[in-house]
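What follows is the content of upload.txt (compact mmCIF, C-alpha atoms (C1' of nucleotides)).
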# COMPACT_ATOMS: atom_id res chain seq x y z
CA MET O 1 0.00 0.00 0.00
CA LEU O 2 1.35 3.30 -0.95
CA HIS O 3 0.77 6.05 1.47
CA LYS O 4 -0.13 9.25 -0.15
CA GLN O 5 0.54 12.29 1.85
CA LYS O 6 -2.60 14.25 2.15
CA ARG O 7 -1.34 17.48 3.43
CA LYS O 8 -4.55 19.13 2.39
CA THR O 9 -7.46 18.93 4.70
CA ARG O 10 -10.79 17.64 3.51
CA ARG O 11 -12.21 21.11 3.79
CA GLU O 12 -9.51 22.49 1.54
CA ARG O 13 -10.04 19.77 -1.01
CA LEU O 14 -13.75 20.42 -1.01
CA ILE O 15 -13.13 24.08 -1.69
CA GLU O 16 -10.93 23.15 -4.61
CA VAL O 17 -13.67 20.97 -6.01
CA GLY O 18 -16.11 23.85 -5.56
CA LEU O 19 -13.70 26.21 -7.28
CA ASP O 20 -13.65 23.94 -10.26
CA LEU O 21 -17.39 23.38 -10.42
CA PHE O 22 -18.45 26.96 -9.79
CA SER O 23 -16.05 28.28 -12.38
CA ARG O 24 -17.72 26.12 -14.99
CA HIS O 25 -21.35 26.18 -13.89
CA SER O 26 -23.70 28.58 -12.21
CA TYR O 27 -24.67 28.23 -8.58
CA ASP O 28 -27.99 26.64 -9.42
CA GLU O 29 -26.50 24.28 -11.94
CA VAL O 30 -24.17 22.79 -9.37
CA ALA O 31 -26.05 20.28 -7.23
CA ILE O 32 -24.92 19.05 -3.85
CA ASP O 33 -24.82 15.63 -5.46
CA ASP O 34 -22.39 16.91 -8.06
CA ILE O 35 -20.08 18.30 -5.44
CA ALA O 36 -20.21 15.10 -3.44
CA ALA O 37 -19.60 13.01 -6.54
CA ALA O 38 -16.71 15.17 -7.71
CA ALA O 39 -15.13 14.90 -4.27
CA ASN O 40 -15.89 11.20 -3.83
CA ILE O 41 -17.77 11.69 -0.62
CA SER O 42 -21.33 11.30 0.51
CA LYS O 43 -23.66 14.24 0.37
CA GLY O 44 -24.03 14.26 4.09
CA LEU O 45 -20.35 14.89 4.66
CA LEU O 46 -20.52 18.20 2.93
CA TYR O 47 -22.82 19.31 5.71
CA TYR O 48 -20.25 18.30 8.27
CA TYR O 49 -17.91 20.93 6.88
CA PHE O 50 -20.34 23.56 5.65
CA PRO O 51 -23.73 24.43 7.13
CA THR O 52 -25.44 24.99 3.77
CA LYS O 53 -24.73 24.98 0.07
CA HIS O 54 -24.78 28.74 0.17
CA ASP O 55 -22.14 28.83 2.89
CA PHE O 56 -20.06 26.46 0.86
CA TYR O 57 -20.30 28.84 -2.07
CA LEU O 58 -19.24 31.73 0.13
CA ALA O 59 -16.25 29.77 1.37
CA VAL O 60 -15.19 29.07 -2.19
CA LEU O 61 -15.64 32.70 -3.10
CA ARG O 62 -13.63 33.85 -0.09
CA HIS O 63 -10.89 31.44 -0.97
CA SER O 64 -10.43 32.78 -4.46
CA THR O 65 -10.72 36.41 -3.50
CA SER O 66 -8.17 36.09 -0.75
CA GLN O 67 -5.87 34.34 -3.18
CA LEU O 68 -6.31 37.23 -5.58
CA LEU O 69 -5.57 39.78 -2.89
CA GLU O 70 -2.52 37.84 -1.78
CA LEU O 71 -1.03 37.53 -5.23
CA THR O 72 -1.46 41.22 -5.86
CA GLU O 73 -0.20 42.37 -2.48
CA PRO O 74 1.66 45.65 -2.90
CA ASP O 75 5.42 45.56 -2.62
CA THR O 76 6.07 48.50 -0.31
CA SER O 77 9.78 48.49 -1.07
CA LEU O 78 8.94 49.93 -4.48
CA GLU O 79 8.06 53.52 -5.14
CA PRO O 80 4.29 54.08 -5.53
CA LEU O 81 4.07 54.17 -9.30
CA GLU O 82 6.23 51.12 -9.76
CA ARG O 83 4.31 49.38 -6.99
CA LEU O 84 1.10 50.08 -8.84
CA ARG O 85 2.54 48.77 -12.08
CA VAL O 86 3.68 45.53 -10.50
CA GLY O 87 0.36 45.14 -8.73
CA LEU O 88 -1.60 45.60 -11.93
CA LEU O 89 0.59 43.16 -13.79
CA ALA O 90 -0.02 40.61 -11.05
CA TYR O 91 -3.73 41.34 -11.25
CA PHE O 92 -3.93 40.77 -14.99
CA THR O 93 -1.76 37.70 -14.64
CA PHE O 94 -4.18 36.26 -12.12
CA ALA O 95 -7.09 37.07 -14.40
CA GLU O 96 -5.37 35.31 -17.25
CA MET O 97 -4.29 32.25 -15.29
CA HIS O 98 -7.59 31.69 -13.59
CA ALA O 99 -9.71 33.12 -16.36
CA ARG O 100 -12.85 31.10 -15.80
CA THR O 101 -12.69 31.36 -12.06
CA TYR O 102 -11.93 35.05 -12.28
CA VAL O 103 -14.89 35.74 -14.52
CA ALA O 104 -17.22 33.69 -12.38
CA LEU O 105 -15.93 35.49 -9.31
CA LEU O 106 -16.52 38.97 -10.65
CA ARG O 107 -19.64 38.45 -12.64
CA GLY O 108 -20.96 35.88 -10.27
CA GLY O 109 -22.85 36.44 -7.11
CA VAL O 110 -26.17 34.96 -6.23
CA GLY O 111 -28.91 37.43 -6.95
CA VAL O 112 -28.65 40.47 -4.73
CA ASP O 113 -27.20 38.22 -2.10
CA PRO O 114 -25.79 40.66 0.47
CA GLU O 115 -23.11 38.26 1.62
CA VAL O 116 -21.70 37.76 -1.84
CA ALA O 117 -21.85 41.49 -2.47
CA ALA O 118 -20.02 42.09 0.80
CA ILE O 119 -17.13 39.85 -0.21
CA LEU O 120 -16.70 41.48 -3.60
CA ASN O 121 -17.06 44.86 -2.01
CA HIS O 122 -14.30 44.04 0.41
CA VAL O 123 -11.98 43.17 -2.45
CA ARG O 124 -12.77 46.41 -4.23
CA GLN O 125 -12.42 48.46 -1.10
CA THR O 126 -9.06 46.87 -0.42
CA TYR O 127 -7.84 47.96 -3.82
CA VAL O 128 -9.15 51.46 -3.23
CA GLU O 129 -7.19 51.59 0.03
CA ARG O 130 -4.05 50.34 -1.64
CA VAL O 131 -4.24 52.99 -4.32
CA LEU O 132 -4.86 55.66 -1.70
CA GLN O 133 -1.77 54.50 0.19
CA GLY O 134 0.34 55.16 -2.87
CA LEU O 135 -0.77 58.75 -3.23
CA PRO O 136 1.17 61.64 -1.69
CA GLU O 137 -0.39 63.21 1.37
CA SER O 138 -1.17 66.36 -0.56
CA GLU O 139 -3.41 64.51 -3.02
CA ARG O 140 -5.39 62.62 -0.42
CA GLN O 141 -7.50 65.59 0.48
CA LEU O 142 -9.14 65.85 -2.90
CA PRO O 143 -12.90 65.80 -2.66
CA ALA O 144 -14.48 62.60 -3.93
CA LEU O 145 -11.06 61.05 -4.38
CA ARG O 146 -12.25 57.77 -2.95
CA LEU O 147 -15.25 57.84 -5.22
CA ALA O 148 -13.11 58.35 -8.28
CA ILE O 149 -10.73 55.58 -7.34
CA THR O 150 -13.65 53.23 -6.76
CA GLY O 151 -14.72 54.05 -10.28
CA TRP O 152 -11.22 53.32 -11.52
CA VAL O 153 -11.25 49.91 -9.86
CA GLY O 154 -14.43 49.23 -11.81
CA PHE O 155 -12.55 50.36 -14.90
CA VAL O 156 -9.79 47.84 -14.29
CA GLU O 157 -12.29 45.05 -13.71
CA ALA O 158 -14.22 45.76 -16.88
CA LEU O 159 -10.99 46.22 -18.80
CA SER O 160 -9.65 42.87 -17.66
CA LEU O 161 -12.88 41.05 -18.43
CA ALA O 162 -12.99 42.47 -21.94
CA TRP O 163 -9.31 41.74 -22.40
CA LEU O 164 -9.82 38.08 -21.50
CA GLU O 165 -12.18 37.70 -24.41
CA GLU O 166 -9.71 39.04 -26.90
CA HIS O 167 -6.08 39.55 -26.01
CA GLN O 168 -5.45 42.58 -28.20
CA LEU O 169 -2.93 44.18 -25.91
CA SER O 170 -0.05 42.83 -23.93
CA LYS O 171 -0.32 42.83 -20.15
CA GLU O 172 2.19 45.65 -20.12
CA GLN O 173 0.08 47.76 -22.45
CA LEU O 174 -3.03 47.07 -20.42
CA THR O 175 -1.18 48.11 -17.30
CA GLU O 176 -0.01 51.27 -18.93
CA LEU O 177 -3.54 52.11 -20.02
CA ALA O 178 -4.86 51.54 -16.52
CA ILE O 179 -2.19 53.71 -14.93
CA ARG O 180 -2.67 56.54 -17.39
CA THR O 181 -6.40 56.45 -16.77
CA LEU O 182 -5.91 56.59 -13.03
CA LEU O 183 -3.59 59.56 -13.27
CA ALA O 184 -5.89 61.32 -15.68
CA THR O 185 -8.88 60.74 -13.43
CA ILE O 186 -7.09 62.17 -10.43
CA THR O 187 -5.93 65.12 -12.49
CA SER O 188 -9.48 65.82 -13.54
CA LEU O 189 -10.48 65.96 -9.89
CA HIS O 190 -8.12 68.89 -9.48
CA GLU O 191 -9.80 70.75 -12.26
CA GLN O 192 -13.24 69.83 -11.06
CA GLY O 193 -15.11 72.69 -9.46
CA SER O 194 -12.62 75.29 -10.60
CA SER O 195 -14.10 75.17 -14.06
CA SER O 196 -17.81 74.51 -14.16
CA ARG O 197 -20.29 75.25 -11.45
CA MET K 198 -48.44 57.34 -28.45
CA LEU K 199 -51.66 59.11 -29.03
CA HIS K 200 -54.00 56.57 -27.69
CA LYS K 201 -53.27 55.25 -24.24
CA GLN K 202 -52.64 51.65 -23.49
CA LYS K 203 -55.46 49.95 -21.72
CA ARG K 204 -55.13 48.40 -18.35
CA LYS K 205 -51.87 46.61 -17.83
CA THR K 206 -51.74 43.01 -18.82
CA ARG K 207 -51.32 40.34 -16.20
CA ARG K 208 -47.87 39.62 -17.52
CA GLU K 209 -46.86 43.23 -17.09
CA ARG K 210 -48.24 43.35 -13.59
CA LEU K 211 -46.35 40.20 -12.70
CA ILE K 212 -43.13 41.73 -13.94
CA GLU K 213 -43.75 44.75 -11.76
CA VAL K 214 -44.25 42.52 -8.76
CA GLY K 215 -41.03 40.74 -9.64
CA LEU K 216 -39.23 44.04 -9.99
CA ASP K 217 -40.25 44.94 -6.50
CA LEU K 218 -39.40 41.60 -4.94
CA PHE K 219 -36.09 41.06 -6.70
CA SER K 220 -34.93 44.55 -5.86
CA ARG K 221 -35.39 43.78 -2.19
CA HIS K 222 -34.44 40.11 -2.00
CA SER K 223 -32.06 37.76 -3.73
CA TYR K 224 -33.23 35.28 -6.32
CA ASP K 225 -33.18 32.40 -3.87
CA GLU K 226 -34.96 34.34 -1.20
CA VAL K 227 -37.92 35.00 -3.42
CA ALA K 228 -40.17 31.95 -3.55
CA ILE K 229 -42.76 31.29 -6.20
CA ASP K 230 -45.26 31.44 -3.36
CA ASP K 231 -44.10 34.94 -2.51
CA ILE K 232 -44.56 36.11 -6.06
CA ALA K 233 -47.99 34.54 -6.29
CA ALA K 234 -49.00 36.01 -2.94
CA ALA K 235 -47.73 39.47 -3.82
CA ALA K 236 -49.65 39.34 -7.09
CA ASN K 237 -52.76 37.76 -5.59
CA ILE K 238 -52.77 34.83 -7.91
CA SER K 239 -52.23 31.13 -7.57
CA LYS K 240 -48.81 29.82 -8.07
CA GLY K 241 -49.89 27.79 -11.04
CA LEU K 242 -50.80 30.91 -12.96
CA LEU K 243 -47.26 32.12 -12.90
CA TYR K 244 -46.40 29.09 -15.00
CA TYR K 245 -49.03 30.06 -17.50
CA TYR K 246 -47.06 33.22 -18.24
CA PHE K 247 -43.51 32.13 -17.61
CA PRO K 248 -42.05 28.67 -18.17
CA THR K 249 -39.85 28.70 -15.06
CA LYS K 250 -38.90 30.92 -12.16
CA HIS K 251 -35.60 31.53 -13.86
CA ASP K 252 -37.31 32.71 -17.02
CA PHE K 253 -39.46 34.97 -14.95
CA TYR K 254 -36.35 36.47 -13.42
CA LEU K 255 -34.87 37.00 -16.88
CA ALA K 256 -38.05 38.74 -18.02
CA VAL K 257 -37.86 41.08 -15.04
CA LEU K 258 -34.21 41.76 -15.71
CA ARG K 259 -34.88 42.44 -19.39
CA HIS K 260 -37.66 44.80 -18.47
CA SER K 261 -35.51 46.97 -16.27
CA THR K 262 -32.51 46.96 -18.56
CA SER K 263 -34.58 47.96 -21.56
CA GLN K 264 -36.13 50.71 -19.49
CA LEU K 265 -32.63 51.90 -18.59
CA LEU K 266 -31.52 51.86 -22.21
CA GLU K 267 -34.66 53.70 -23.27
CA LEU K 268 -34.34 56.45 -20.73
CA THR K 269 -30.73 57.03 -21.66
CA GLU K 270 -31.27 56.89 -25.41
CA PRO K 271 -28.87 59.32 -27.09
CA ASP K 272 -30.35 62.48 -28.51
CA THR K 273 -28.74 62.62 -31.92
CA SER K 274 -29.81 66.19 -32.47
CA LEU K 275 -27.15 67.22 -29.97
CA GLU K 276 -23.46 67.41 -30.70
CA PRO K 277 -21.55 64.38 -29.42
CA LEU K 278 -20.15 65.85 -26.22
CA GLU K 279 -23.45 67.37 -25.20
CA ARG K 280 -25.21 64.15 -26.15
CA LEU K 281 -22.87 62.25 -23.86
CA ARG K 282 -23.47 64.69 -21.04
CA VAL K 283 -27.23 64.40 -21.31
CA GLY K 284 -26.98 60.62 -21.55
CA LEU K 285 -24.85 60.39 -18.43
CA LEU K 286 -27.18 62.67 -16.51
CA ALA K 287 -30.09 60.46 -17.49
CA TYR K 288 -28.10 57.41 -16.47
CA PHE K 289 -27.31 58.76 -13.01
CA THR K 290 -30.88 59.93 -12.64
CA PHE K 291 -32.12 56.44 -13.37
CA ALA K 292 -29.65 55.01 -10.87
CA GLU K 293 -30.89 57.44 -8.25
CA MET K 294 -34.58 56.96 -8.90
CA HIS K 295 -34.46 53.20 -9.03
CA ALA K 296 -31.58 52.80 -6.65
CA ARG K 297 -32.48 49.42 -5.24
CA THR K 298 -33.49 47.97 -8.56
CA TYR K 299 -30.43 49.45 -10.21
CA VAL K 300 -28.07 47.94 -7.68
CA ALA K 301 -29.78 44.58 -7.86
CA LEU K 302 -29.61 44.75 -11.62
CA LEU K 303 -25.91 45.46 -11.82
CA ARG K 304 -24.63 43.47 -8.93
CA GLY K 305 -27.22 40.78 -9.38
CA GLY K 306 -27.12 37.86 -11.67
CA VAL K 307 -27.55 34.28 -10.68
CA GLY K 308 -24.20 32.66 -10.30
CA VAL K 309 -22.33 32.59 -13.56
CA ASP K 310 -25.65 32.20 -15.27
CA PRO K 311 -24.81 32.77 -18.92
CA GLU K 312 -28.23 34.18 -19.72
CA VAL K 313 -28.05 36.84 -17.05
CA ALA K 314 -24.51 37.67 -18.07
CA ALA K 315 -25.66 37.98 -21.67
CA ILE K 316 -28.31 40.54 -20.78
CA LEU K 317 -25.93 42.70 -18.77
CA ASN K 318 -23.34 42.32 -21.47
CA HIS K 319 -25.79 43.54 -24.02
CA VAL K 320 -26.45 46.67 -21.98
CA ARG K 321 -22.75 47.37 -21.64
CA GLN K 322 -22.08 46.69 -25.29
CA THR K 323 -24.87 49.06 -26.25
CA TYR K 324 -23.23 51.82 -24.26
CA VAL K 325 -19.88 51.07 -25.86
CA GLU K 326 -21.50 51.39 -29.28
CA ARG K 327 -23.16 54.65 -28.36
CA VAL K 328 -19.89 56.14 -27.20
CA LEU K 329 -18.19 54.96 -30.37
CA GLN K 330 -20.89 56.63 -32.46
CA GLY K 331 -20.06 59.94 -30.84
CA LEU K 332 -16.39 59.81 -31.78
CA PRO K 333 -15.03 61.35 -34.96
CA GLU K 334 -14.07 58.93 -37.70
CA SER K 335 -10.40 59.68 -37.19
CA GLU K 336 -10.47 58.47 -33.61
CA ARG K 337 -12.28 55.24 -34.30
CA GLN K 338 -9.21 53.54 -35.71
CA LEU K 339 -7.32 53.66 -32.45
CA PRO K 340 -6.13 50.23 -31.40
CA ALA K 341 -7.96 48.81 -28.43
CA LEU K 342 -10.40 51.71 -28.47
CA ARG K 343 -13.34 49.41 -27.85
CA LEU K 344 -11.48 47.78 -25.01
CA ALA K 345 -10.80 51.11 -23.35
CA ILE K 346 -14.38 52.25 -23.70
CA THR K 347 -15.60 48.99 -22.22
CA GLY K 348 -13.37 49.75 -19.27
CA TRP K 349 -14.83 53.22 -19.05
CA VAL K 350 -18.38 51.82 -18.96
CA GLY K 351 -17.22 49.75 -15.99
CA PHE K 352 -15.89 52.97 -14.49
CA VAL K 353 -19.27 54.65 -14.80
CA GLU K 354 -21.04 51.66 -13.25
CA ALA K 355 -18.72 51.49 -10.29
CA LEU K 356 -18.82 55.25 -9.91
CA SER K 357 -22.60 55.29 -9.82
CA LEU K 358 -22.83 52.45 -7.34
CA ALA K 359 -20.40 54.14 -4.98
CA TRP K 360 -22.18 57.45 -5.44
CA LEU K 361 -25.51 55.92 -4.46
CA GLU K 362 -24.08 55.04 -1.08
CA GLU K 363 -22.95 58.55 -0.37
CA HIS K 364 -24.06 61.44 -2.53
CA GLN K 365 -20.91 63.53 -2.22
CA LEU K 366 -21.12 65.04 -5.65
CA SER K 367 -23.96 66.44 -7.66
CA LYS K 368 -25.07 64.56 -10.74
CA GLU K 369 -23.48 67.31 -12.79
CA GLN K 370 -20.14 66.86 -11.09
CA LEU K 371 -20.34 63.10 -11.49
CA THR K 372 -21.06 63.57 -15.16
CA GLU K 373 -18.16 65.93 -15.55
CA LEU K 374 -15.86 63.44 -13.87
CA ALA K 375 -17.04 60.64 -16.13
CA ILE K 376 -16.57 62.72 -19.25
CA ARG K 377 -13.12 63.89 -18.29
CA THR K 378 -12.08 60.34 -17.57
CA LEU K 379 -13.35 59.17 -20.93
CA LEU K 380 -11.47 61.87 -22.78
CA ALA K 381 -8.33 61.23 -20.78
CA THR K 382 -8.52 57.51 -21.44
CA ILE K 383 -8.87 58.05 -25.16
CA THR K 384 -6.01 60.52 -25.11
CA SER K 385 -3.81 58.01 -23.37
CA LEU K 386 -4.50 55.56 -26.18
CA HIS K 387 -2.87 58.00 -28.58
CA GLU K 388 0.25 58.10 -26.51
CA GLN K 389 0.27 54.38 -25.99
CA GLY K 390 3.08 52.59 -27.76
CA SER K 391 4.88 55.75 -28.79
CA SER K 392 6.22 56.26 -25.30
CA SER K 393 6.47 53.00 -23.40
CA ARG K 394 9.80 51.38 -22.79
C1' DG B 395 -1.31 -4.14 20.97
C1' DG B 396 -5.76 -2.97 23.02
C1' DT B 397 -9.30 0.39 24.51
C1' DC B 398 -12.22 4.05 24.01
C1' DA B 399 -13.76 8.62 23.13
C1' DA B 400 -13.69 11.99 19.63
C1' DA B 401 -13.70 12.97 14.93
C1' DT B 402 -15.24 11.62 10.57
C1' DT B 403 -18.32 9.57 7.27
C1' DT B 404 -22.44 7.43 5.55
C1' DG B 405 -27.18 6.66 3.64
C1' DA B 406 -31.59 7.00 4.28
C1' DA B 407 -35.33 9.91 5.81
C1' DC B 408 -37.15 14.51 5.78
C1' DT B 409 -38.33 19.02 4.01
C1' DA B 410 -38.98 22.79 1.19
C1' DT B 411 -40.02 24.45 -3.03
C1' DA B 412 -40.11 24.51 -8.08
C1' DT B 413 -42.95 22.43 -11.58
C1' DT B 414 -46.85 19.84 -13.84
C1' DC B 415 -51.52 19.02 -14.97
C1' DA B 416 -56.27 17.91 -15.07
C1' DA B 417 -60.17 20.34 -13.81
C1' DT B 418 -62.75 24.67 -13.42
C1' DA B 419 -63.91 29.44 -14.39
C1' DT B 420 -64.03 33.43 -17.29
C1' DT B 421 -64.15 35.97 -21.47
C1' DG B 422 -65.68 37.63 -25.87
C1' DG B 423 -67.18 37.05 -30.60
C1' DG B 424 -70.97 35.10 -33.61
C1' DC D 425 -77.11 32.50 -25.45
C1' DC D 426 -73.56 29.51 -26.91
C1' DC D 427 -69.11 27.70 -27.02
C1' DA D 428 -64.37 27.77 -28.03
C1' DA D 429 -60.31 30.07 -26.57
C1' DT D 430 -58.16 31.90 -22.85
C1' DA D 431 -57.28 32.36 -18.05
C1' DT D 432 -56.98 30.46 -13.44
C1' DT D 433 -56.87 27.20 -9.77
C1' DG D 434 -55.30 23.68 -6.35
C1' DA D 435 -53.72 19.48 -5.64
C1' DA D 436 -50.16 16.13 -7.08
C1' DT D 437 -45.40 15.40 -8.36
C1' DA D 438 -40.45 15.91 -8.83
C1' DT D 439 -36.22 17.71 -7.58
C1' DA D 440 -33.12 19.29 -4.90
C1' DG D 441 -31.28 20.86 -0.20
C1' DT D 442 -30.98 19.52 4.64
C1' DT D 443 -31.11 16.59 8.92
C1' DC D 444 -29.80 12.82 11.72
C1' DA D 445 -28.91 8.53 13.97
C1' DA D 446 -25.85 5.06 13.24
C1' DA D 447 -21.45 3.15 11.53
C1' DT D 448 -16.64 3.70 10.77
C1' DT D 449 -12.12 5.54 11.36
C1' DT D 450 -8.60 7.94 13.93
C1' DG D 451 -5.42 8.78 17.43
C1' DA D 452 -4.16 9.34 22.19
C1' DC D 453 -3.21 6.75 26.22
C1' DC D 454 -2.29 2.77 29.01
Structure encoded using structure tokens:
Amino acid sequence: MLHKQKRKTRRERLIEVGLDLFSRHSYDEVAIDDIAAAANISKGLLYYYFPTKHDFYLAVLRHSTSQLLELTEPDTSLEPLERLRVGLLAYFTFAEMHARTYVALLRGGVGVDPEVAAILNHVRQTYVERVLQGLPESERQLPALRLAITGWVGFVEALSLAWLEEHQLSKEQLTELAIRTLLATITSLHEQGSSSR
Amino acid sequence: MLHKQKRKTRRERLIEVGLDLFSRHSYDEVAIDDIAAAANISKGLLYYYFPTKHDFYLAVLRHSTSQLLELTEPDTSLEPLERLRVGLLAYFTFAEMHARTYVALLRGGVGVDPEVAAILNHVRQTYVERVLQGLPESERQLPALRLAITGWVGFVEALSLAWLEEHQLSKEQLTELAIRTLLATITSLHEQGSSSR
DNA sequence: GGTCAAATTTGAACTATATTCAATATTGGG
DNA sequence: CCCAATATTGAATATAGTTCAAATTTGACC
């Protein structure tokens, strides 16, 4: 008998199975039976690790979002602009590598499910914070700065999703476009109010 | 539009009930019984008008998205920039007036449900087309222009959602910000490639 | 190596809810 | 007033999600 080392816990393996299934099928399409079958366990066991199917879904979602946040963690030893560039490259790389999962993650969500929305919101808010950290103190006072950056995060998401469907640009070009847009948006905040009113 | 429509059809009334329910609860939270109760009909009747609950949800979603597209229809008698401004104002007005529905609509969707995704995609694509229409012929050849505009549509969505939570800016200021960002993004496409590394 | 309690796993029973359908009621044109 | 098409019902059915008591495995301790 060969002993395989299962370093991964059952719970972790279940989440991996869920990651696979939910990236290929919608929440409703994935039955508890499917999950159990794919994991070679009985249906009942799933309920030993997760209270409901919905909670299982949330766990899977949290797993992939935290992985995304980890892989794009800002390198504070770099100067802000370079840090941003590296972070964006990592972001697009993640999107490319886990394309299906990434799409499901961003465009997913179960109805107006507040819990799902909260998780995605947390991810977006984290990115907003990170961008804010990279700005000089003098800029941080701009009115509606946070609002504008939140918009920019939406820009990057939409950009990446469209990019996945047709790789017209290189990751470097995408990154450049995203950075230029961010700078331009912040610049336009300066002008805001001084011009029209 | 001279002669008024008669009393609303049952189907239309059902969609209105759905609009109300789905803007306040997630897909799973809304039971067929709830819909039937809210509409004062038997549950069987729902199946006379819609094949499944899912199809009913899609009908509700289509109704609100087509309403959004209608209310933001571009006024071609205006020059492009003014047309964009008016369109954006209408967009933010819709978001404000139907806040709950609007949020549910954009952040909703049932899992990776391809049909829901297709509807939302259609809305976004329509906006991309409309923006493209407003650009001079000379600009339309820019590489990755469509990609960038798709990103910008994501910017506007995220901006509006964040704005709904805290009305820091006026609709006019929001519009100005969105327009400036669009112009800046397009400008940065010109510079792209000529500068980078 | 044996014992036993805790942790894990099972499968069948249970439940909730989406869906079907035959029967009944309503409507409107001839 | 008739009757065929349309609209509506409520009970029956099917399809999952969920619960649970019992069986199995694990690992710590003697």
| task | Would you work out the distance separating atom CA of Asp75 of chain O from atom CA of Ala118 of chain O, expressed in Å to one decimal? | result |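 Interatomic distance here is 25.9 Å.
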| field | Check: which chain K residues lie within 8 Å of chain B using all atoms listed in the file, as a list in words | value | Ala228, Ile229, Thr249 and Lys250 of chain K
Give me, as a compact mmCIF listing (two decimals) with C-alpha atoms, keeping the file's coordinate frame, the residues of chain O touching chain D, with the criterion being at most 12 Å (counting only C-alpha atoms (C1' of nucleotides)).
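Wrote out-v4.txt, looks like this:
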# COMPACT_ATOMS: atom_id res chain seq x y z
CA ASP O 28 -27.99 26.64 -9.42
CA GLU O 29 -26.50 24.28 -11.94
CA VAL O 30 -24.17 22.79 -9.37
CA ALA O 31 -26.05 20.28 -7.23
CA ILE O 32 -24.92 19.05 -3.85
CA ASP O 33 -24.82 15.63 -5.46
CA ASP O 34 -22.39 16.91 -8.06
CA LYS O 43 -23.66 14.24 0.37
CA GLY O 44 -24.03 14.26 4.09
CA LEU O 45 -20.35 14.89 4.66
CA LEU O 46 -20.52 18.20 2.93
CA TYR O 47 -22.82 19.31 5.71
CA TYR O 48 -20.25 18.30 8.27
CA PHE O 50 -20.34 23.56 5.65
CA PRO O 51 -23.73 24.43 7.13
CA THR O 52 -25.44 24.99 3.77
CA LYS O 53 -24.73 24.98 0.07
CA HIS O 54 -24.78 28.74 0.17
| query | When you draw a straight line from atom CA of Ala148 of chain O to atom CA of Asn121 of chain O, how long is it in Å? | reply |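 If I compute the distance from atom CA of Ala148 of chain O to atom CA of Asn121 of chain O, I get 15.4 Å.
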Enumerate, in order of chain and increasing residue number, the residues of chain K with an atom no farther than 7 Å from chain O, each with its shortest atom pair and distance in Å to one decimal, counting all atoms listed in the file, as JSON lines.
{"residue": "K:His222", "atom": "CA", "partner": "O:Val112", "partner_atom": "CA", "distance": 6.4}
{"residue": "K:Ser223", "atom": "CA", "partner": "O:Val112", "partner_atom": "CA", "distance": 4.5}
{"residue": "K:Tyr224", "atom": "CA", "partner": "O:Gly111", "partner_atom": "CA", "distance": 4.9}
{"residue": "K:Ala301", "atom": "CA", "partner": "O:Val112", "partner_atom": "CA", "distance": 5.3}
{"residue": "K:Arg304", "atom": "CA", "partner": "O:Val112", "partner_atom": "CA", "distance": 6.5}
{"residue": "K:Gly305", "atom": "CA", "partner": "O:Gly111", "partner_atom": "CA", "distance": 4.5}
{"residue": "K:Gly306", "atom": "CA", "partner": "O:Gly111", "partner_atom": "CA", "distance": 5.1}
{"residue": "K:Val307", "atom": "CA", "partner": "O:Val110", "partner_atom": "CA", "distance": 4.7}
{"residue": "K:Gly308", "atom": "CA", "partner": "O:Ser26", "partner_atom": "CA", "distance": 4.5}
{"residue": "K:Val309", "atom": "CA", "partner": "O:Ser26", "partner_atom": "CA", "distance": 4.4}
{"residue": "K:Asp310", "atom": "CA", "partner": "O:Ser26", "partner_atom": "CA", "distance": 5.1}
{"residue": "K:Ala341", "atom": "CA", "partner": "O:Gln168", "partner_atom": "CA", "distance": 6.7}
{"residue": "K:Leu344", "atom": "CA", "partner": "O:Ala162", "partner_atom": "CA", "distance": 6.3}
{"residue": "K:Ala345", "atom": "CA", "partner": "O:Leu159", "partner_atom": "CA", "distance": 6.7}
{"residue": "K:Thr347", "atom": "CA", "partner": "O:Leu159", "partner_atom": "CA", "distance": 6.4}
{"residue": "K:Gly348", "atom": "CA", "partner": "O:Leu159", "partner_atom": "CA", "distance": 4.3}
{"residue": "K:Trp349", "atom": "CA", "partner": "O:Phe155", "partner_atom": "CA", "distance": 5.5}
{"residue": "K:Gly351", "atom": "CA", "partner": "O:Phe155", "partner_atom": "CA", "distance": 4.8}
{"residue": "K:Phe352", "atom": "CA", "partner": "O:Phe155", "partner_atom": "CA", "distance": 4.3}
{"residue": "K:Val353", "atom": "CA", "partner": "O:Gly151", "partner_atom": "CA", "distance": 6.4}
{"residue": "K:Ala355", "atom": "CA", "partner": "O:Gly151", "partner_atom": "CA", "distance": 4.7}
{"residue": "K:Leu356", "atom": "CA", "partner": "O:Gly151", "partner_atom": "CA", "distance": 4.3}
{"residue": "K:Ala359", "atom": "CA", "partner": "O:Leu147", "partner_atom": "CA", "distance": 6.3}
{"residue": "K:Trp360", "atom": "CA", "partner": "O:Leu147", "partner_atom": "CA", "distance": 6.9}
{"residue": "K:Gln365", "atom": "CA", "partner": "O:Ala144", "partner_atom": "CA", "distance": 6.7}
{"residue": "K:Leu374", "atom": "CA", "partner": "O:Ser188", "partner_atom": "CA", "distance": 6.8}
{"residue": "K:Arg377", "atom": "CA", "partner": "O:Ser188", "partner_atom": "CA", "distance": 6.3}
{"residue": "K:Thr378", "atom": "CA", "partner": "O:Thr185", "partner_atom": "CA", "distance": 5.2}
{"residue": "K:Ala381", "atom": "CA", "partner": "O:Ala184", "partner_atom": "CA", "distance": 5.7}
{"residue": "K:Thr382", "atom": "CA", "partner": "O:Thr181", "partner_atom": "CA", "distance": 5.2}
{"residue": "K:Ser385", "atom": "CA", "partner": "O:Arg180", "partner_atom": "CA", "distance": 6.3}
